[in-house]
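Here's the structure, in structure tokens; my notes come after.
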Amino acid sequence: MLVLEAIAAGPVATNAYLVADQATRMAVLIDAPMESHWWYAERIAALGLTPLALWLTHSHWDHTADAAAIAEQYAIPVLVHPLDAYRLRDPNAQTVIPLPLPLEAVEIGGYLHHGQQLTVGSLSFQVRHVPGHTEGSVVFVEHAARVVFCGDTLFAGSIGRTDLPGGDYEQLLASIHRELLSLPDDYICYPGHMEPTTIGQERRTNPFLQPSDLYGNRWERQ
Ligand SMILES: [Zn+2]
Ligand SMILES: [Zn+2]
């Protein structure tokens, strides 16, 4: 059984997810928005969990601002896809607008690769590389629990922005079709912002993913 708690934290309401295996109390932290480490500390203590690692869906600052503090507090590794590692090494040079507070560089404890299986007690998460929002965006799929942590790749009724450095609209759509819409309809998608949704709901209603859009684009290109 999977234990899941979430909070939206920081100036752009970024979701942090605390995911644990009920039997062993082993836990993983998914993303580290600004000021999330107080919430994580409170919930980890309250639930009696043992954190194993911090996984990053991608390395935009709103998902990583508290990563260094969390890694230090629990002596756990921060895992990121290699193509997104550069923003952690020099985070302040990578923000499009200067932030009021400087970001701490994050020491990378390990890399996430497409197809990798990550074990948390009895839970098993599959890493899928979904470039488009950033070069090294990933999602984490837990097939037994039928959930996917989809970062800023897919949202309820929307998709990730692609106008920031490293973004690519065509690549993002291809990633969503290949790695997310290939999942069954009932899988719950926990995104990096806003409320959860399901793969089926987005397949049916997300305006960016409708076949009619493809025809529209084709017309425009003629
Ligand atoms: Zn992002
Ligand atoms: Zn974000």
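Residue names in the structure tokens use chain letters A, B, ... in the order shown, residue numbers from 1 in each chain, and ligand numbers from 1 in the order shown.
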
Near-ligand residues for ligand 2, threshold 8 Å, only C-alpha atoms and all ligand atoms, as number ranges by chain | A: 12, 14, 60-63, 151-152, 192-193

Would you save the residues from that selection as a CSV table (one decimal), in the first residue's frame, using N, CA and C atoms?
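As a result, again02.csv now contains:
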```
chain,number,residue,atom,x,y,z
A,12,VAL,N,5.0,30.0,-6.3
A,12,VAL,CA,4.2,29.6,-7.5
A,12,VAL,C,3.4,28.3,-7.2
A,14,THR,N,4.0,25.2,-5.9
A,14,THR,CA,4.5,23.9,-6.5
A,14,THR,C,4.2,22.7,-5.6
A,60,HIS,N,13.8,22.9,-12.5
A,60,HIS,CA,13.4,24.3,-12.3
A,60,HIS,C,13.4,24.7,-10.8
A,61,TRP,N,13.8,25.9,-10.5
A,61,TRP,CA,14.0,26.3,-9.1
A,61,TRP,C,12.8,26.1,-8.2
A,62,ASP,N,11.6,26.3,-8.8
A,62,ASP,CA,10.4,26.1,-7.9
A,62,ASP,C,10.2,24.7,-7.5
A,63,HIS,N,10.9,23.7,-8.0
A,63,HIS,CA,10.9,22.3,-7.6
A,63,HIS,C,12.1,21.9,-6.8
A,151,GLY,N,5.3,15.7,-12.7
A,151,GLY,CA,6.0,17.0,-12.8
A,151,GLY,C,5.3,18.0,-13.6
A,152,ASP,N,6.0,18.8,-14.3
A,152,ASP,CA,5.4,19.9,-15.1
A,152,ASP,C,5.1,19.5,-16.5
A,192,GLY,N,3.0,18.7,-11.0
A,192,GLY,CA,3.9,19.6,-10.3
A,192,GLY,C,3.1,20.9,-9.8
A,193,HIS,N,2.0,21.1,-10.4
A,193,HIS,CA,1.1,22.2,-10.0
A,193,HIS,C,-0.3,21.9,-10.1
```

So which residues touch Val28 in chain A within 12 Å, counting only C-alpha atoms, skipping near sequence neighbours fewer than 6 positions away, as a JSON list (two decimals) with N, CA and C atoms, in the first residue's frame?
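The resulting file, selection.json, is reproduced below:
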```
[["chain", "number", "residue", "atom", "x", "y", "z"],
["A", 2, "LEU", "N", 0.38, 2.21, -0.72],
["A", 2, "LEU", "CA", 1.14, 3.45, -0.86],
["A", 2, "LEU", "C", 0.50, 4.54, 0.00],
["A", 3, "VAL", "N", 1.34, 5.21, 0.77],
["A", 3, "VAL", "CA", 0.90, 6.34, 1.58],
["A", 3, "VAL", "C", 1.32, 7.60, 0.84],
["A", 4, "LEU", "N", 0.38, 8.52, 0.64],
["A", 4, "LEU", "CA", 0.69, 9.69, -0.16],
["A", 4, "LEU", "C", 0.16, 10.95, 0.54],
["A", 5, "GLU", "N", 1.04, 11.91, 0.72],
["A", 5, "GLU", "CA", 0.62, 13.22, 1.22],
["A", 5, "GLU", "C", 1.20, 14.28, 0.29],
["A", 16, "ALA", "N", 4.64, 19.36, -3.58],
["A", 16, "ALA", "CA", 5.62, 18.43, -3.01],
["A", 16, "ALA", "C", 4.85, 17.17, -2.61],
["A", 17, "TYR", "N", 5.44, 16.00, -2.89],
["A", 17, "TYR", "CA", 4.76, 14.74, -2.59],
["A", 17, "TYR", "C", 5.63, 13.87, -1.69],
["A", 18, "LEU", "N", 5.04, 13.45, -0.61],
["A", 18, "LEU", "CA", 5.68, 12.50, 0.30],
["A", 18, "LEU", "C", 5.01, 11.15, 0.06],
["A", 19, "VAL", "N", 5.80, 10.18, -0.41],
["A", 19, "VAL", "CA", 5.26, 8.89, -0.82],
["A", 19, "VAL", "C", 5.95, 7.80, -0.01],
["A", 20, "ALA", "N", 5.16, 6.95, 0.64],
["A", 20, "ALA", "CA", 5.77, 5.95, 1.51],
["A", 20, "ALA", "C", 5.12, 4.59, 1.33],
["A", 21, "ASP", "N", 5.88, 3.57, 1.66],
["A", 21, "ASP", "CA", 5.37, 2.20, 1.71],
["A", 21, "ASP", "C", 4.82, 1.98, 3.11],
["A", 40, "TYR", "N", 7.72, 18.74, 5.05],
["A", 40, "TYR", "CA", 8.24, 17.37, 4.99],
["A", 40, "TYR", "C", 8.66, 16.90, 6.39],
["A", 44, "ILE", "N", 6.99, 13.68, 8.05],
["A", 44, "ILE", "CA", 7.87, 12.51, 8.22],
["A", 44, "ILE", "C", 7.88, 12.09, 9.69],
["A", 49, "LEU", "N", 8.20, 7.99, 9.35],
["A", 49, "LEU", "CA", 8.77, 7.48, 8.10],
["A", 49, "LEU", "C", 10.29, 7.59, 8.09],
["A", 50, "THR", "N", 10.91, 6.73, 7.27],
["A", 50, "THR", "CA", 12.34, 6.80, 7.02],
["A", 50, "THR", "C", 12.57, 7.26, 5.59],
["A", 51, "PRO", "N", 12.99, 8.52, 5.38],
["A", 51, "PRO", "CA", 13.20, 8.98, 4.00],
["A", 51, "PRO", "C", 14.45, 8.34, 3.39],
["A", 52, "LEU", "N", 14.31, 7.90, 2.13],
["A", 52, "LEU", "CA", 15.43, 7.25, 1.42],
["A", 52, "LEU", "C", 16.12, 8.18, 0.44],
["A", 53, "ALA", "N", 15.35, 9.06, -0.20],
["A", 53, "ALA", "CA", 15.92, 9.90, -1.26],
["A", 53, "ALA", "C", 14.95, 11.02, -1.60],
["A", 54, "LEU", "N", 15.50, 12.05, -2.24],
["A", 54, "LEU", "CA", 14.70, 13.10, -2.85],
["A", 54, "LEU", "C", 14.82, 12.94, -4.36],
["A", 55, "TRP", "N", 13.69, 12.76, -5.02],
["A", 55, "TRP", "CA", 13.67, 12.63, -6.48],
["A", 55, "TRP", "C", 13.14, 13.92, -7.08],
["A", 56, "LEU", "N", 13.78, 14.38, -8.13],
["A", 56, "LEU", "CA", 13.33, 15.60, -8.80],
["A", 56, "LEU", "C", 12.72, 15.27, -10.15],
["A", 70, "ILE", "N", 16.90, 19.81, 2.50],
["A", 70, "ILE", "CA", 16.30, 18.50, 2.77],
["A", 70, "ILE", "C", 17.37, 17.40, 2.75],
["A", 71, "ALA", "N", 18.24, 17.47, 1.74],
["A", 71, "ALA", "CA", 19.29, 16.45, 1.62],
["A", 71, "ALA", "C", 20.19, 16.46, 2.85],
["A", 74, "TYR", "N", 18.30, 15.07, 6.20],
["A", 74, "TYR", "CA", 18.10, 13.62, 6.31],
["A", 74, "TYR", "C", 19.28, 12.80, 5.81],
["A", 76, "ILE", "N", 20.17, 12.31, 2.78],
["A", 76, "ILE", "CA", 19.66, 11.48, 1.68],
["A", 76, "ILE", "C", 20.15, 12.04, 0.35],
["A", 77, "PRO", "N", 20.28, 11.18, -0.67],
["A", 77, "PRO", "CA", 20.74, 11.66, -1.98],
["A", 77, "PRO", "C", 19.62, 12.36, -2.75],
["A", 78, "VAL", "N", 20.02, 13.34, -3.56],
["A", 78, "VAL", "CA", 19.11, 14.00, -4.50],
["A", 78, "VAL", "C", 19.34, 13.38, -5.87],
["A", 79, "LEU", "N", 18.26, 12.87, -6.46],
["A", 79, "LEU", "CA", 18.37, 12.21, -7.76],
["A", 79, "LEU", "C", 17.71, 13.06, -8.84],
["A", 118, "LEU", "N", 12.96, 2.07, -9.38],
["A", 118, "LEU", "CA", 13.38, 2.56, -8.06],
["A", 118, "LEU", "C", 12.50, 1.91, -7.01],
["A", 119, "THR", "N", 13.12, 1.30, -6.02],
["A", 119, "THR", "CA", 12.38, 0.55, -5.01],
["A", 119, "THR", "C", 12.30, 1.34, -3.71],
["A", 120, "VAL", "N", 11.08, 1.40, -3.16],
["A", 120, "VAL", "CA", 10.85, 2.04, -1.86],
["A", 120, "VAL", "C", 10.02, 1.05, -1.05],
["A", 121, "GLY", "N", 10.66, 0.23, -0.22],
["A", 121, "GLY", "CA", 9.96, -0.85, 0.46],
["A", 121, "GLY", "C", 9.35, -1.78, -0.59],
["A", 123, "LEU", "N", 7.17, -0.82, -2.80],
["A", 123, "LEU", "CA", 6.78, -0.03, -3.97],
["A", 123, "LEU", "C", 7.89, -0.06, -5.01],
["A", 124, "SER", "N", 7.48, -0.01, -6.27],
["A", 124, "SER", "CA", 8.46, -0.01, -7.35],
["A", 124, "SER", "C", 8.07, 1.05, -8.37],
["A", 125, "PHE", "N", 8.93, 2.01, -8.57],
["A", 125, "PHE", "CA", 8.65, 3.14, -9.47],
["A", 125, "PHE", "C", 9.49, 3.00, -10.72],
["A", 140, "PHE", "N", 7.50, 9.44, -12.71],
["A", 140, "PHE", "CA", 7.67, 8.22, -11.92],
["A", 140, "PHE", "C", 6.34, 7.47, -11.91]]
```

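Selecting strand (DSSP E) from the backbone DSSP output for range 111-165 of chain A yields Tyr111, Gln117, Leu118, Thr119, Val120, Leu123, Ser124, Phe125, Gln126, Val127, Arg128, His129, Val138, Val139, Phe140, Val141, Glu142, Val147, Val148, Phe149, Cys150, Gly151, Leu154, Phe155, Ser158 and Ile159 of chain A.
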
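Each of A:Pro100, A:Gly48, A:Gly166, A:Pro91 was compared to Pro11 in chain A using only C-alpha atoms, and A:Pro100 turns out to be the nearest.
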
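For the pair CA of Ser137 in chain A and CA of Tyr190 in chain A, the separation is 14.5 Å.
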
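Comparing the minimum interatomic distances between ligand 1 and each of A:His58, A:Arg178, A:His143, A:His81, counting only C-alpha atoms and all ligand atoms, we find that A:His58 sits nearest.
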
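CA of Met1 in chain A is positioned 10.1 Å from CA of Thr24 in chain A.
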
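CA of Asp186 in chain A is found 10.5 Å from CA of Ala145 in chain A.
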
Considering only C-alpha atoms, state which residue in the set A:Pro165, A:Pro196, A:Pro207, A:Pro184 is at the smallest distance from Val96 in chain A.
-> A:Pro165

All alpha helix (DSSP H) residues (DSSP, backbone) inside chain A, as a PyMOL selection string = chain A and resi 36-47+61-64+67-74+86-89+169-175+199-205+211-221

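The nearest approach to Asp84 in chain A among the residues A:Ala69, A:Leu103, A:Ala156, A:Val138, with only C-alpha atoms taken into account, belongs to A:Val138.
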
Between A:Gly160, A:Glu170, A:Phe155, A:Gly109, smallest distance to Ile199 in chain A by only C-alpha atoms belongs to A:Phe155

Skip Leu173 in chain A itself and residues of its chain fewer than 5 positions away, then list as a ChimeraX atom specification all residues within 9 Å of it, counting only C-alpha atoms.
-> /A:132,159,168,178,208-209

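Taking only C-alpha atoms, the non-local environment of Ser175 in chain A within 10 Å (same-chain residues fewer than 6 positions away omitted) comprises Arg128, His129, Val130, Pro131, Gly132, His133, Ser137, Val138, Thr153, Leu154, Tyr169 and Leu181 of chain A.
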
Selection above as a file: C-alpha atoms, as a PDB file, in the first residue's frame:
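Writing the result to selection_7.pdb gives the following:
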```
ATOM      1  CA  ARG A 128      10.313   7.544 -17.810  1.00  0.00           C
ATOM      2  CA  HIS A 129      12.209  10.340 -19.565  1.00  0.00           C
ATOM      3  CA  VAL A 130       9.786  12.974 -20.907  1.00  0.00           C
ATOM      4  CA  PRO A 131      11.832  15.807 -22.460  1.00  0.00           C
ATOM      5  CA  GLY A 132       9.945  18.913 -23.576  1.00  0.00           C
ATOM      6  CA  HIS A 133       9.224  21.063 -20.515  1.00  0.00           C
ATOM      7  CA  SER A 137      12.172  15.987 -17.171  1.00  0.00           C
ATOM      8  CA  VAL A 138      11.075  12.586 -15.875  1.00  0.00           C
ATOM      9  CA  THR A 153       4.823  17.681 -18.149  1.00  0.00           C
ATOM     10  CA  LEU A 154       1.051  17.147 -17.909  1.00  0.00           C
ATOM     11  CA  TYR A 169       6.743  22.053 -27.694  1.00  0.00           C
ATOM     12  CA  LEU A 181      -1.041   8.479 -22.814  1.00  0.00           C
TER      13      LEU A 181
END
```

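Nearest-residue note for Tyr86 in chain A: choosing from A:Glu72, A:Thr57, A:Ala46, A:Gly136, the minimum distance belongs to A:Gly136, counting only C-alpha atoms.
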
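For Asn206 in chain A, the non-local neighbours within 7 Å, defined as residues at least 3 positions apart in the same chain or in other chains and counting only C-alpha atoms, are Gly157, Ser158, Glu202, Arg203, Leu209 and Gln210 of chain A.
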
Include C-alpha atoms and write out the residues we just selected as an mmCIF file, in the first residue's frame.
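Result went into selection-v2.cif, see below:
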```
data_model
loop_
_atom_site.group_PDB
_atom_site.id
_atom_site.type_symbol
_atom_site.label_atom_id
_atom_site.label_comp_id
_atom_site.auth_asym_id
_atom_site.auth_seq_id
_atom_site.Cartn_x
_atom_site.Cartn_y
_atom_site.Cartn_z
ATOM 1 C CA GLY A 157 -6.464 20.532 -18.617
ATOM 2 C CA SER A 158 -3.051 21.791 -19.673
ATOM 3 C CA GLU A 202 -6.667 14.178 -20.011
ATOM 4 C CA ARG A 203 -6.885 11.840 -22.983
ATOM 5 C CA LEU A 209 -4.034 16.439 -26.688
ATOM 6 C CA GLN A 210 -7.067 16.245 -28.952
#
```
